[in-house]
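Below is data.pdb, which holds PDB, C-alpha atoms.
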```
ATOM      1  CA  MET A  25     -13.067   9.309  -2.480
ATOM      2  CA  PRO A  26     -16.485   8.631  -4.099
ATOM      3  CA  LEU A  27     -16.769   7.153  -7.577
ATOM      4  CA  ARG A  28     -18.933   8.186 -10.498
ATOM      5  CA  LYS A  29     -19.964   6.065 -13.439
ATOM      6  CA  LEU A  30     -19.221   7.355 -16.932
ATOM      7  CA  LYS A  31     -21.884   7.551 -19.614
ATOM      8  CA  PRO A  32     -21.570   4.647 -22.076
ATOM      9  CA  VAL A  33     -20.839   6.833 -25.102
ATOM     10  CA  THR A  34     -18.022   4.487 -26.204
ATOM     11  CA  ASN A  35     -17.036   0.905 -25.530
ATOM     12  CA  GLY A  36     -14.242   2.111 -23.270
ATOM     13  CA  THR A  37     -16.539   4.149 -21.045
ATOM     14  CA  ARG A  38     -19.197   1.453 -20.671
ATOM     15  CA  ASN A  39     -19.268   0.388 -16.998
ATOM     16  CA  ALA A  40     -16.132   2.458 -16.299
ATOM     17  CA  THR A  41     -15.933   4.392 -13.030
ATOM     18  CA  VAL A  42     -13.624   7.270 -12.089
ATOM     19  CA  PRO A  43     -13.030   9.065  -8.770
ATOM     20  CA  THR A  44     -14.800  12.366  -8.239
ATOM     21  CA  PHE A  45     -11.875  13.987  -6.369
ATOM     22  CA  GLU A  46     -14.310  15.698  -4.026
ATOM     23  CA  GLY A  47     -11.947  15.753  -1.063
ATOM     24  CA  ILE A  48      -8.948  17.039  -3.008
ATOM     25  CA  SER A  49      -8.152  20.627  -2.003
ATOM     26  CA  ARG A  50      -4.945  21.199  -3.979
ATOM     27  CA  LYS A  51      -4.002  20.188  -7.518
ATOM     28  CA  ARG A  52      -0.233  20.737  -7.655
ATOM     29  CA  PRO A  53       2.176  19.182  -5.132
ATOM     30  CA  GLU A  54       4.646  20.943  -2.862
ATOM     31  CA  LYS A  55       7.709  21.331  -5.085
ATOM     32  CA  ARG A  56      10.250  20.836  -2.303
ATOM     33  CA  LEU A  57       8.659  17.513  -1.351
ATOM     34  CA  THR A  58       8.871  15.957  -4.829
ATOM     35  CA  GLU A  59      11.598  14.257  -6.810
ATOM     36  CA  ILE A  60      11.910  12.714 -10.258
ATOM     37  CA  LEU A  61      10.696   9.122 -10.427
ATOM     38  CA  LYS A  62      12.795   7.137 -12.873
ATOM     39  CA  GLN A  63      10.931   4.358 -14.657
ATOM     40  CA  ASN A  64      12.790   1.073 -15.105
ATOM     41  CA  GLY A  65      10.144  -1.107 -16.764
ATOM     42  CA  GLY A  66      10.504  -3.800 -14.106
ATOM     43  CA  ARG A  67      14.255  -4.169 -14.695
ATOM     44  CA  ASN A  68      16.969  -4.368 -12.047
ATOM     45  CA  ASN A  69      20.414  -2.749 -12.069
ATOM     46  CA  GLN A  70      21.636  -5.430 -14.499
ATOM     47  CA  GLY A  71      18.916  -4.686 -17.034
ATOM     48  CA  ARG A  72      17.080  -7.950 -16.484
ATOM     49  CA  ILE A  73      13.314  -8.063 -16.074
ATOM     50  CA  THR A  74      12.593  -9.107 -12.500
ATOM     51  CA  CYS A  75       8.974  -7.871 -12.411
ATOM     52  CA  ARG A  76       6.962  -8.689 -15.493
ATOM     53  CA  HIS A  77       4.178  -6.673 -17.124
ATOM     54  CA  ARG A  78       5.650  -3.267 -16.302
ATOM     55  CA  GLY A  79       6.433  -0.459 -18.717
ATOM     56  CA  GLY A  80       5.099   2.723 -20.278
ATOM     57  CA  GLY A  81       2.596   4.787 -18.373
ATOM     58  CA  HIS A  82       2.324   8.463 -17.669
ATOM     59  CA  ARG A  83       5.250  10.408 -16.229
ATOM     60  CA  ARG A  84       5.007  10.997 -12.490
ATOM     61  CA  LEU A  85       6.648  13.000  -9.754
ATOM     62  CA  TYR A  86       7.329  11.089  -6.566
ATOM     63  CA  ARG A  87       5.937  12.651  -3.393
ATOM     64  CA  ILE A  88       8.290  12.195  -0.431
ATOM     65  CA  ILE A  89       6.096  10.720   2.324
ATOM     66  CA  ASP A  90       6.978  10.894   6.017
ATOM     67  CA  PHE A  91       6.599   7.235   6.990
ATOM     68  CA  LYS A  92       8.834   7.601  10.064
ATOM     69  CA  ARG A  93       6.737  10.334  11.725
ATOM     70  CA  ASN A  94       9.840  11.402  13.675
ATOM     71  CA  LYS A  95       8.836  15.059  14.049
ATOM     72  CA  LEU A  96       8.258  14.552  17.765
ATOM     73  CA  ASP A  97       6.095  16.684  20.047
ATOM     74  CA  VAL A  98       5.555  19.399  17.411
ATOM     75  CA  GLU A  99       1.981  20.066  16.384
ATOM     76  CA  GLY A 100       1.145  20.265  12.716
ATOM     77  CA  ARG A 101      -1.961  21.364  10.869
ATOM     78  CA  VAL A 102      -3.320  19.720   7.722
ATOM     79  CA  THR A 103      -3.241  22.461   5.086
ATOM     80  CA  ALA A 104      -4.172  20.438   1.994
ATOM     81  CA  ILE A 105      -5.330  17.023   0.823
ATOM     82  CA  GLU A 106      -3.744  15.958  -2.448
ATOM     83  CA  TYR A 107      -3.946  13.162  -4.996
ATOM     84  CA  ASP A 108      -0.858  10.962  -5.220
ATOM     85  CA  PRO A 109      -0.398   9.083  -8.523
ATOM     86  CA  ASN A 110       2.098   6.712  -6.903
ATOM     87  CA  ARG A 111      -0.326   5.107  -4.421
ATOM     88  CA  ASN A 112      -4.009   4.259  -4.103
ATOM     89  CA  CYS A 113      -4.676   6.536  -1.113
ATOM     90  CA  ASN A 114      -4.576  10.312  -0.819
ATOM     91  CA  ILE A 115      -1.925  12.262   1.060
ATOM     92  CA  CYS A 116      -2.063  15.241   3.410
ATOM     93  CA  LEU A 117       0.283  18.210   3.462
ATOM     94  CA  VAL A 118       1.061  18.986   7.105
ATOM     95  CA  ALA A 119       2.562  22.349   8.119
ATOM     96  CA  TYR A 120       4.276  22.190  11.525
ATOM     97  CA  ASN A 121       4.570  25.056  13.960
ATOM     98  CA  ASP A 122       8.297  25.434  13.272
ATOM     99  CA  GLY A 123       7.638  26.066   9.568
ATOM    100  CA  GLU A 124       8.521  22.628   8.174
ATOM    101  CA  LYS A 125       6.131  20.847   5.806
ATOM    102  CA  ARG A 126       5.749  17.109   5.321
ATOM    103  CA  TYR A 127       3.473  14.697   3.525
ATOM    104  CA  VAL A 128       1.643  11.969   5.476
ATOM    105  CA  LEU A 129      -0.897   9.367   4.438
ATOM    106  CA  GLN A 130      -4.497  10.513   4.729
ATOM    107  CA  ALA A 131      -6.344   8.489   7.341
ATOM    108  CA  LYS A 132     -10.087   7.990   7.102
ATOM    109  CA  GLY A 133     -11.803  11.080   8.482
ATOM    110  CA  MET A 134      -8.840  13.470   8.223
ATOM    111  CA  GLN A 135      -9.776  16.903   6.856
ATOM    112  CA  VAL A 136      -8.136  20.227   6.209
ATOM    113  CA  GLY A 137      -7.556  22.037   9.494
ATOM    114  CA  ASP A 138      -6.997  18.954  11.645
ATOM    115  CA  VAL A 139      -4.115  19.096  14.124
ATOM    116  CA  LEU A 140      -1.660  16.171  14.185
ATOM    117  CA  VAL A 141       1.188  15.309  16.511
ATOM    118  CA  SER A 142       3.799  12.576  16.800
ATOM    119  CA  ALA A 143       4.297  12.041  20.513
ATOM    120  CA  THR A 144       7.413  10.839  22.274
ATOM    121  CA  ASP A 145       5.336   9.321  25.066
ATOM    122  CA  ARG A 146       1.545   9.744  24.972
ATOM    123  CA  CYS A 147      -1.001  11.966  23.281
ATOM    124  CA  GLU A 148      -4.701  11.956  22.517
ATOM    125  CA  PRO A 149      -5.564   8.878  20.405
ATOM    126  CA  ASN A 150      -7.052  10.992  17.622
ATOM    127  CA  VAL A 151      -7.024   9.957  13.990
ATOM    128  CA  GLY A 152      -3.693  10.842  12.417
ATOM    129  CA  ASN A 153      -1.649  11.029  15.629
ATOM    130  CA  SER A 154       1.428   8.834  15.899
ATOM    131  CA  MET A 155       2.655   7.020  19.011
ATOM    132  CA  ARG A 156       4.589   3.976  20.069
ATOM    133  CA  LEU A 157       2.505   0.828  20.171
ATOM    134  CA  ARG A 158       2.902   0.492  23.954
ATOM    135  CA  ASN A 159       1.123   3.851  24.412
ATOM    136  CA  ILE A 160      -1.825   3.194  22.086
ATOM    137  CA  PRO A 161      -5.066   1.951  23.709
ATOM    138  CA  GLN A 162      -5.723  -1.704  23.044
ATOM    139  CA  GLY A 163      -8.334  -2.580  20.454
ATOM    140  CA  MET A 164      -7.710   0.467  18.265
ATOM    141  CA  ALA A 165      -7.166   0.341  14.510
ATOM    142  CA  VAL A 166      -3.763   1.630  13.405
ATOM    143  CA  HIS A 167      -1.876   1.949  10.132
ATOM    144  CA  ASN A 168       1.642   2.762   8.909
ATOM    145  CA  VAL A 169       3.097   0.371  11.496
ATOM    146  CA  GLU A 170       6.850  -0.081  11.855
ATOM    147  CA  MET A 171       8.435  -3.524  11.930
ATOM    148  CA  ASN A 172      11.694  -2.165  13.360
ATOM    149  CA  ALA A 173      11.773   0.884  15.592
ATOM    150  CA  GLY A 174      12.928   3.961  13.699
ATOM    151  CA  ARG A 175      12.849   2.353  10.259
ATOM    152  CA  GLY A 176       9.510   3.815   9.200
ATOM    153  CA  GLY A 177       6.077   2.358   8.646
ATOM    154  CA  GLN A 178       5.887  -0.752   6.480
ATOM    155  CA  ILE A 179       2.569  -2.394   7.420
ATOM    156  CA  ALA A 180      -0.957  -1.233   6.432
ATOM    157  CA  ARG A 181      -0.187   1.605   4.045
ATOM    158  CA  ALA A 182      -2.625   0.772   1.222
ATOM    159  CA  ALA A 183      -6.055   2.358   0.809
ATOM    160  CA  GLY A 184      -8.600   1.072   3.315
ATOM    161  CA  SER A 185      -6.147  -1.107   5.235
ATOM    162  CA  PHE A 186      -5.571  -1.147   8.983
ATOM    163  CA  VAL A 187      -4.130  -3.339  11.743
ATOM    164  CA  ARG A 188      -5.892  -4.090  15.013
ATOM    165  CA  LEU A 189      -3.862  -3.734  18.228
ATOM    166  CA  MET A 190      -4.995  -6.701  20.301
ATOM    167  CA  ALA A 191      -2.762  -6.618  23.388
ATOM    168  CA  ILE A 192       0.577  -5.600  24.880
ATOM    169  CA  ASP A 193       2.622  -8.630  25.960
ATOM    170  CA  GLY A 194       5.745  -7.461  27.754
ATOM    171  CA  ASN A 195       8.013  -5.741  25.231
ATOM    172  CA  HIS A 196       5.891  -6.835  22.291
ATOM    173  CA  ALA A 197       2.529  -5.800  20.886
ATOM    174  CA  VAL A 198       0.142  -8.399  19.463
ATOM    175  CA  LEU A 199      -1.327  -7.243  16.150
ATOM    176  CA  LEU A 200      -4.118  -8.693  14.036
ATOM    177  CA  MET A 201      -2.972  -8.263  10.438
ATOM    178  CA  PRO A 202      -5.318  -7.649   7.475
ATOM    179  CA  SER A 203      -4.599 -11.212   6.298
ATOM    180  CA  GLY A 204      -5.832 -12.689   9.607
ATOM    181  CA  GLU A 205      -2.321 -13.369  10.871
ATOM    182  CA  LEU A 206      -1.541 -12.731  14.545
ATOM    183  CA  ARG A 207       2.000 -11.621  15.166
ATOM    184  CA  ARG A 208       4.174  -9.836  17.697
ATOM    185  CA  ILE A 209       5.994  -6.573  16.981
ATOM    186  CA  HIS A 210       8.218  -4.710  19.414
ATOM    187  CA  ALA A 211       6.185  -2.261  21.450
ATOM    188  CA  ASP A 212       8.621   0.590  20.754
ATOM    189  CA  CYS A 213       7.638   0.613  17.079
ATOM    190  CA  ARG A 214       5.484   3.542  16.042
ATOM    191  CA  ALA A 215       2.042   3.445  14.428
ATOM    192  CA  THR A 216      -0.568   5.981  13.333
ATOM    193  CA  ILE A 217      -4.108   6.004  14.717
ATOM    194  CA  GLY A 218      -6.941   5.155  12.322
ATOM    195  CA  GLU A 219      -7.264   3.341   9.015
ATOM    196  CA  VAL A 220      -6.024   4.519   5.647
ATOM    197  CA  GLY A 221      -8.593   6.475   3.676
ATOM    198  CA  ASN A 222      -9.958   6.024   0.141
ATOM    199  CA  GLY A 223     -11.238   2.531   0.844
ATOM    200  CA  GLU A 224     -13.481   2.731  -2.244
ATOM    201  CA  TYR A 225     -10.444   2.320  -4.477
ATOM    202  CA  ALA A 226     -11.035  -1.435  -4.823
ATOM    203  CA  LEU A 227     -14.501  -0.777  -6.288
ATOM    204  CA  ARG A 228     -13.170   1.014  -9.380
ATOM    205  CA  ASN A 229     -13.881  -0.398 -12.831
ATOM    206  CA  PHE A 230     -11.164   0.630 -15.273
ATOM    207  CA  GLY A 231     -13.386  -0.066 -18.288
ATOM    208  CA  LYS A 232     -10.692  -0.719 -20.909
ATOM    209  CA  ALA A 233      -7.213  -2.113 -21.274
ATOM    210  CA  GLY A 234      -5.800   1.219 -22.394
ATOM    211  CA  ARG A 235      -6.508   2.731 -19.009
ATOM    212  CA  MET A 236      -4.250   0.115 -17.448
ATOM    213  CA  ARG A 237      -1.502   1.067 -19.881
ATOM    214  CA  TRP A 238      -1.731   4.650 -18.598
ATOM    215  CA  LEU A 239      -0.812   3.237 -15.187
ATOM    216  CA  GLY A 240       2.239   1.463 -16.601
ATOM    217  CA  ARG A 241       0.783  -2.058 -16.617
ATOM    218  CA  ARG A 242       1.490  -4.102 -19.735
ATOM    219  CA  PRO A 243      -0.589  -7.075 -20.953
ATOM    220  CA  HIS A 244      -0.541 -10.290 -18.965
ATOM    221  CA  VAL A 245      -0.555 -13.158 -21.472
ATOM    222  CA  ARG A 246      -1.467 -16.696 -20.386
ATOM    223  CA  GLY A 247       1.319 -19.244 -20.565
ATOM    224  CA  ASN A 248      -0.670 -21.849 -22.497
ATOM    225  CA  ALA A 249      -1.410 -19.238 -25.177
ATOM    226  CA  MET A 250       2.321 -18.925 -25.984
ATOM    227  CA  ASN A 251       4.644 -21.003 -28.104
ATOM    228  CA  PRO A 252       6.754 -23.766 -26.555
ATOM    229  CA  VAL A 253       9.886 -21.650 -26.860
ATOM    230  CA  ALA A 254       8.361 -18.853 -24.727
ATOM    231  CA  HIS A 255       6.806 -20.750 -21.817
ATOM    232  CA  PRO A 256       6.825 -24.249 -20.277
ATOM    233  CA  LEU A 257       3.033 -24.417 -20.775
ATOM    234  CA  GLY A 258       3.144 -23.220 -24.388
ATOM    235  CA  GLY A 259       2.186 -25.199 -27.473
ATOM    236  CA  GLY A 260      -0.301 -28.006 -27.980
ATOM    237  CA  GLU A 261      -3.750 -28.125 -29.492
ATOM    238  CA  GLY A 262      -6.370 -25.971 -27.841
ATOM    239  CA  HIS A 263      -5.716 -25.092 -24.200
ATOM    240  CA  ALA A 264      -3.551 -28.076 -23.357
ATOM    241  CA  ASN A 265      -0.712 -27.645 -20.898
ATOM    242  CA  GLY A 266       0.754 -31.126 -21.267
ATOM    243  CA  GLY A 267      -0.237 -32.153 -17.735
ATOM    244  CA  ARG A 268       2.282 -29.715 -16.293
ATOM    245  CA  GLN A 269       1.496 -27.778 -13.146
ATOM    246  CA  HIS A 270       1.009 -24.052 -13.550
ATOM    247  CA  CYS A 271       4.320 -22.264 -13.370
ATOM    248  CA  SER A 272       6.177 -19.112 -14.395
ATOM    249  CA  PRO A 273       8.240 -18.772 -17.596
ATOM    250  CA  THR A 274      11.277 -19.821 -15.557
ATOM    251  CA  GLY A 275       9.546 -22.945 -14.229
ATOM    252  CA  VAL A 276       8.753 -21.770 -10.687
ATOM    253  CA  LEU A 277       5.548 -23.447  -9.491
ATOM    254  CA  ALA A 278       2.570 -21.153  -9.013
ATOM    255  CA  LYS A 279       0.447 -23.273  -6.656
ATOM    256  CA  GLY A 280       1.402 -25.008  -3.438
ATOM    257  CA  PHE A 281       4.991 -23.757  -3.534
ATOM    258  CA  LYS A 282       5.926 -21.955  -0.315
ATOM    259  CA  THR A 283       7.968 -18.849  -1.017
ATOM    260  CA  ARG A 284       8.754 -17.926   2.582
ATOM    261  CA  LYS A 285      12.271 -18.727   3.749
ATOM    262  CA  VAL A 286      12.742 -21.790   5.936
ATOM    263  CA  ASN A 287      13.501 -20.842   9.557
ATOM    264  CA  HIS A 288      12.875 -17.169   8.923
ATOM    265  CA  PRO A 289      14.115 -15.028  11.853
ATOM    266  CA  THR A 290      10.632 -13.634  12.504
ATOM    267  CA  ASP A 291       8.896 -17.035  12.582
ATOM    268  CA  LYS A 292       9.054 -16.986  16.364
ATOM    269  CA  LEU A 293       7.011 -13.759  16.405
ATOM    270  CA  ILE A 294       4.069 -15.233  14.497
ATOM    271  CA  ILE A 295       1.322 -16.505  16.800
ATOM    272  CA  ARG A 296      -1.146 -17.612  14.135
ATOM    273  CA  ARG A 297      -0.522 -17.994  10.416
ATOM    274  CA  ARG A 298      -2.814 -16.316   7.948
ATOM    275  CA  ASN A 299      -3.942 -19.653   6.483
ATOM    276  CA  GLN A 300      -4.372 -21.339   9.856
ATOM    277  CA  LYS A 301      -7.901 -22.152  10.994
ATOM    278  CA  ARG A 302      -9.166 -19.892  13.751
ATOM    279  CA  SER A 303     -10.236 -21.625  16.945
TER
END
```
Write-out of the structure in structure tokens:
Amino acid sequence: MPLRKLKPVTNGTRNATVPTFEGISRKRPEKRLTEILKQNGGRNNQGRITCRHRGGGHRRLYRIIDFKRNKLDVEGRVTAIEYDPNRNCNICLVAYNDGEKRYVLQAKGMQVGDVLVSATDRCEPNVGNSMRLRNIPQGMAVHNVEMNAGRGGQIARAAGSFVRLMAIDGNHAVLLMPSGELRRIHADCRATIGEVGNGEYALRNFGKAGRMRWLGRRPHVRGNAMNPVAHPLGGGEGHANGGRQHCSPTGVLAKGFKTRKVNHPTDKLIIRRRNQKRS
């Protein structure tokens, strides 16, 4: 989705960019494929804030996306491309030959009128088609990749992201992740051909803080700007942090502290870590 720069008539519009919505063919979503999205302000079921800097924002309807792509061997035609306020990529409304409609992520190059299919075995490796990893030609870019067969796509769902299928090793597929990590995933997991569209999303300039509040993002205040009662780095003269390492309000270190579980069950599937030097 291309971007256009606003005229600097106010301080908030100076250097701000907004999408042009050129590829959007429908303004209102399919009513049967939406549900109310309850906002929790980053709080869990006990009312405690577990994700900071969340709250407010415009009301949204959640679009039910078909991440499993389990409508097998039934052709569907893309009838509309829509904007989704809940994600940074666009979505496609697919009408199948049996009358059912579903939303899928828009891959780069998908247009209204394209025919998609989720194959049980093999199909043409066209953009938007879904197959098991063992049936996809090696070297292709895929997105919406499952980590467990039948669970639904969990990898490479953001705008402009994709995973490279490097090889098929027995019952596992070797994937090159966007982070540079090489890992194995069972070859029966499904993936969609192509990369996610709207890759220009990262080039947007929001222009003002208020535009972030519309998205439900509250201010992010530095720890050393707070009082000692509010943060371990608070207090002191100037920008002093007392020699303490950077940490969260609860004291969890921010740098050099590994957050991955020790002896994680999927460690054996990782061939090369994302921070490991490439040979």
*Residue nearest A:Asp212 - candidates A:Arg175, A:Arg235, A:Arg268, A:Arg156, atoms counted: all atoms listed in the file*: A:Arg156
*Work out how far atom CA of A:Gln300 is from atom CA of A:Ala182, in Å to one decimal.*
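Atom-to-atom, atom CA of A:Ala182 to atom CA of A:Gln300, that is 23.8 Å.
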*When the PyMOL selection byres ((chain A and resi 99-109) around 9) is applied to the file above, which residues end up in the set, as a PyMOL selection string?*
chain A and resi 45+47-53+84-87+95-98+110-122+124-125+130+134-142+239
_Give me, as a ChimeraX atom specification, all polymer residues having an atom no more than 9 Å from stretch 215-220 of chain A, counting all atoms listed in the file and skipping those fewer than 3 positions away in the same chain._
/A:93,113-114,129-133,142,149-157,160,164-170,177,180-187,223
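Among the candidate residues A:Glu205, A:Glu148, A:Glu224, A:Glu261, the one lying nearest to A:Arg297 is A:Glu205, with distances computed using all atoms listed in the file.
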*Residue with smallest distance to A:Arg242 - pool A:Gly80, A:Met25, A:Leu57, A:Thr37, counting all atoms listed in the file*: A:Gly80
Take stretch 157-178 of chain A, bring it up to N, CA and C atoms, and give me the output as an mmCIF file, keeping the file's coordinate frame.
```cif
data_model
loop_
_atom_site.group_PDB
_atom_site.id
_atom_site.type_symbol
_atom_site.label_atom_id
_atom_site.label_comp_id
_atom_site.auth_asym_id
_atom_site.auth_seq_id
_atom_site.Cartn_x
_atom_site.Cartn_y
_atom_site.Cartn_z
ATOM 1 N N LEU A 157 3.582 1.795 19.989
ATOM 2 C CA LEU A 157 2.505 0.828 20.171
ATOM 3 C C LEU A 157 2.164 0.626 21.637
ATOM 4 N N ARG A 158 3.148 0.713 22.532
ATOM 5 C CA ARG A 158 2.902 0.492 23.954
ATOM 6 C C ARG A 158 2.014 1.584 24.550
ATOM 7 N N ASN A 159 1.916 2.739 23.893
ATOM 8 C CA ASN A 159 1.123 3.851 24.412
ATOM 9 C C ASN A 159 -0.243 3.980 23.754
ATOM 10 N N ILE A 160 -0.546 3.129 22.789
ATOM 11 C CA ILE A 160 -1.825 3.194 22.086
ATOM 12 C C ILE A 160 -2.841 2.313 22.825
ATOM 13 N N PRO A 161 -4.060 2.783 23.039
ATOM 14 C CA PRO A 161 -5.066 1.951 23.709
ATOM 15 C C PRO A 161 -5.335 0.661 22.936
ATOM 16 N N GLN A 162 -5.504 -0.410 23.670
ATOM 17 C CA GLN A 162 -5.723 -1.704 23.044
ATOM 18 C C GLN A 162 -7.085 -1.749 22.354
ATOM 19 N N GLY A 163 -7.116 -2.448 21.239
ATOM 20 C CA GLY A 163 -8.334 -2.580 20.454
ATOM 21 C C GLY A 163 -8.479 -1.553 19.351
ATOM 22 N N MET A 164 -7.583 -0.582 19.267
ATOM 23 C CA MET A 164 -7.710 0.467 18.265
ATOM 24 C C MET A 164 -7.156 -0.004 16.927
ATOM 25 N N ALA A 165 -7.672 0.596 15.856
ATOM 26 C CA ALA A 165 -7.166 0.341 14.510
ATOM 27 C C ALA A 165 -6.039 1.320 14.213
ATOM 28 N N VAL A 166 -4.930 0.810 13.710
ATOM 29 C CA VAL A 166 -3.763 1.630 13.405
ATOM 30 C C VAL A 166 -3.288 1.288 11.998
ATOM 31 N N HIS A 167 -2.482 2.176 11.438
ATOM 32 C CA HIS A 167 -1.876 1.949 10.132
ATOM 33 C C HIS A 167 -0.467 2.512 10.138
ATOM 34 N N ASN A 168 0.252 2.305 9.036
ATOM 35 C CA ASN A 168 1.642 2.762 8.909
ATOM 36 C C ASN A 168 2.468 2.274 10.107
ATOM 37 N N VAL A 169 2.456 0.973 10.328
ATOM 38 C CA VAL A 169 3.097 0.371 11.496
ATOM 39 C C VAL A 169 4.531 -0.015 11.149
ATOM 40 N N GLU A 170 5.449 0.296 12.038
ATOM 41 C CA GLU A 170 6.850 -0.081 11.855
ATOM 42 C C GLU A 170 7.057 -1.550 12.224
ATOM 43 N N MET A 171 8.010 -2.184 11.556
ATOM 44 C CA MET A 171 8.435 -3.524 11.930
ATOM 45 C C MET A 171 9.717 -3.476 12.748
ATOM 46 N N ASN A 172 10.506 -2.424 12.561
ATOM 47 C CA ASN A 172 11.694 -2.165 13.360
ATOM 48 C C ASN A 172 11.648 -0.707 13.789
ATOM 49 N N ALA A 173 11.891 -0.466 15.063
ATOM 50 C CA ALA A 173 11.773 0.884 15.592
ATOM 51 C C ALA A 173 12.716 1.835 14.868
ATOM 52 N N GLY A 174 12.149 2.941 14.373
ATOM 53 C CA GLY A 174 12.928 3.961 13.699
ATOM 54 C C GLY A 174 13.101 3.751 12.209
ATOM 55 N N ARG A 175 12.658 2.627 11.684
ATOM 56 C CA ARG A 175 12.849 2.353 10.259
ATOM 57 C C ARG A 175 11.767 2.997 9.403
ATOM 58 N N GLY A 176 10.617 3.269 9.973
ATOM 59 C CA GLY A 176 9.510 3.815 9.200
ATOM 60 C C GLY A 176 8.423 2.782 9.004
ATOM 61 N N GLY A 177 7.212 3.249 8.793
ATOM 62 C CA GLY A 177 6.077 2.358 8.646
ATOM 63 C C GLY A 177 6.175 1.487 7.412
ATOM 64 N N GLN A 178 5.860 0.200 7.579
ATOM 65 C CA GLN A 178 5.887 -0.752 6.480
ATOM 66 C C GLN A 178 4.595 -1.542 6.355
#
```
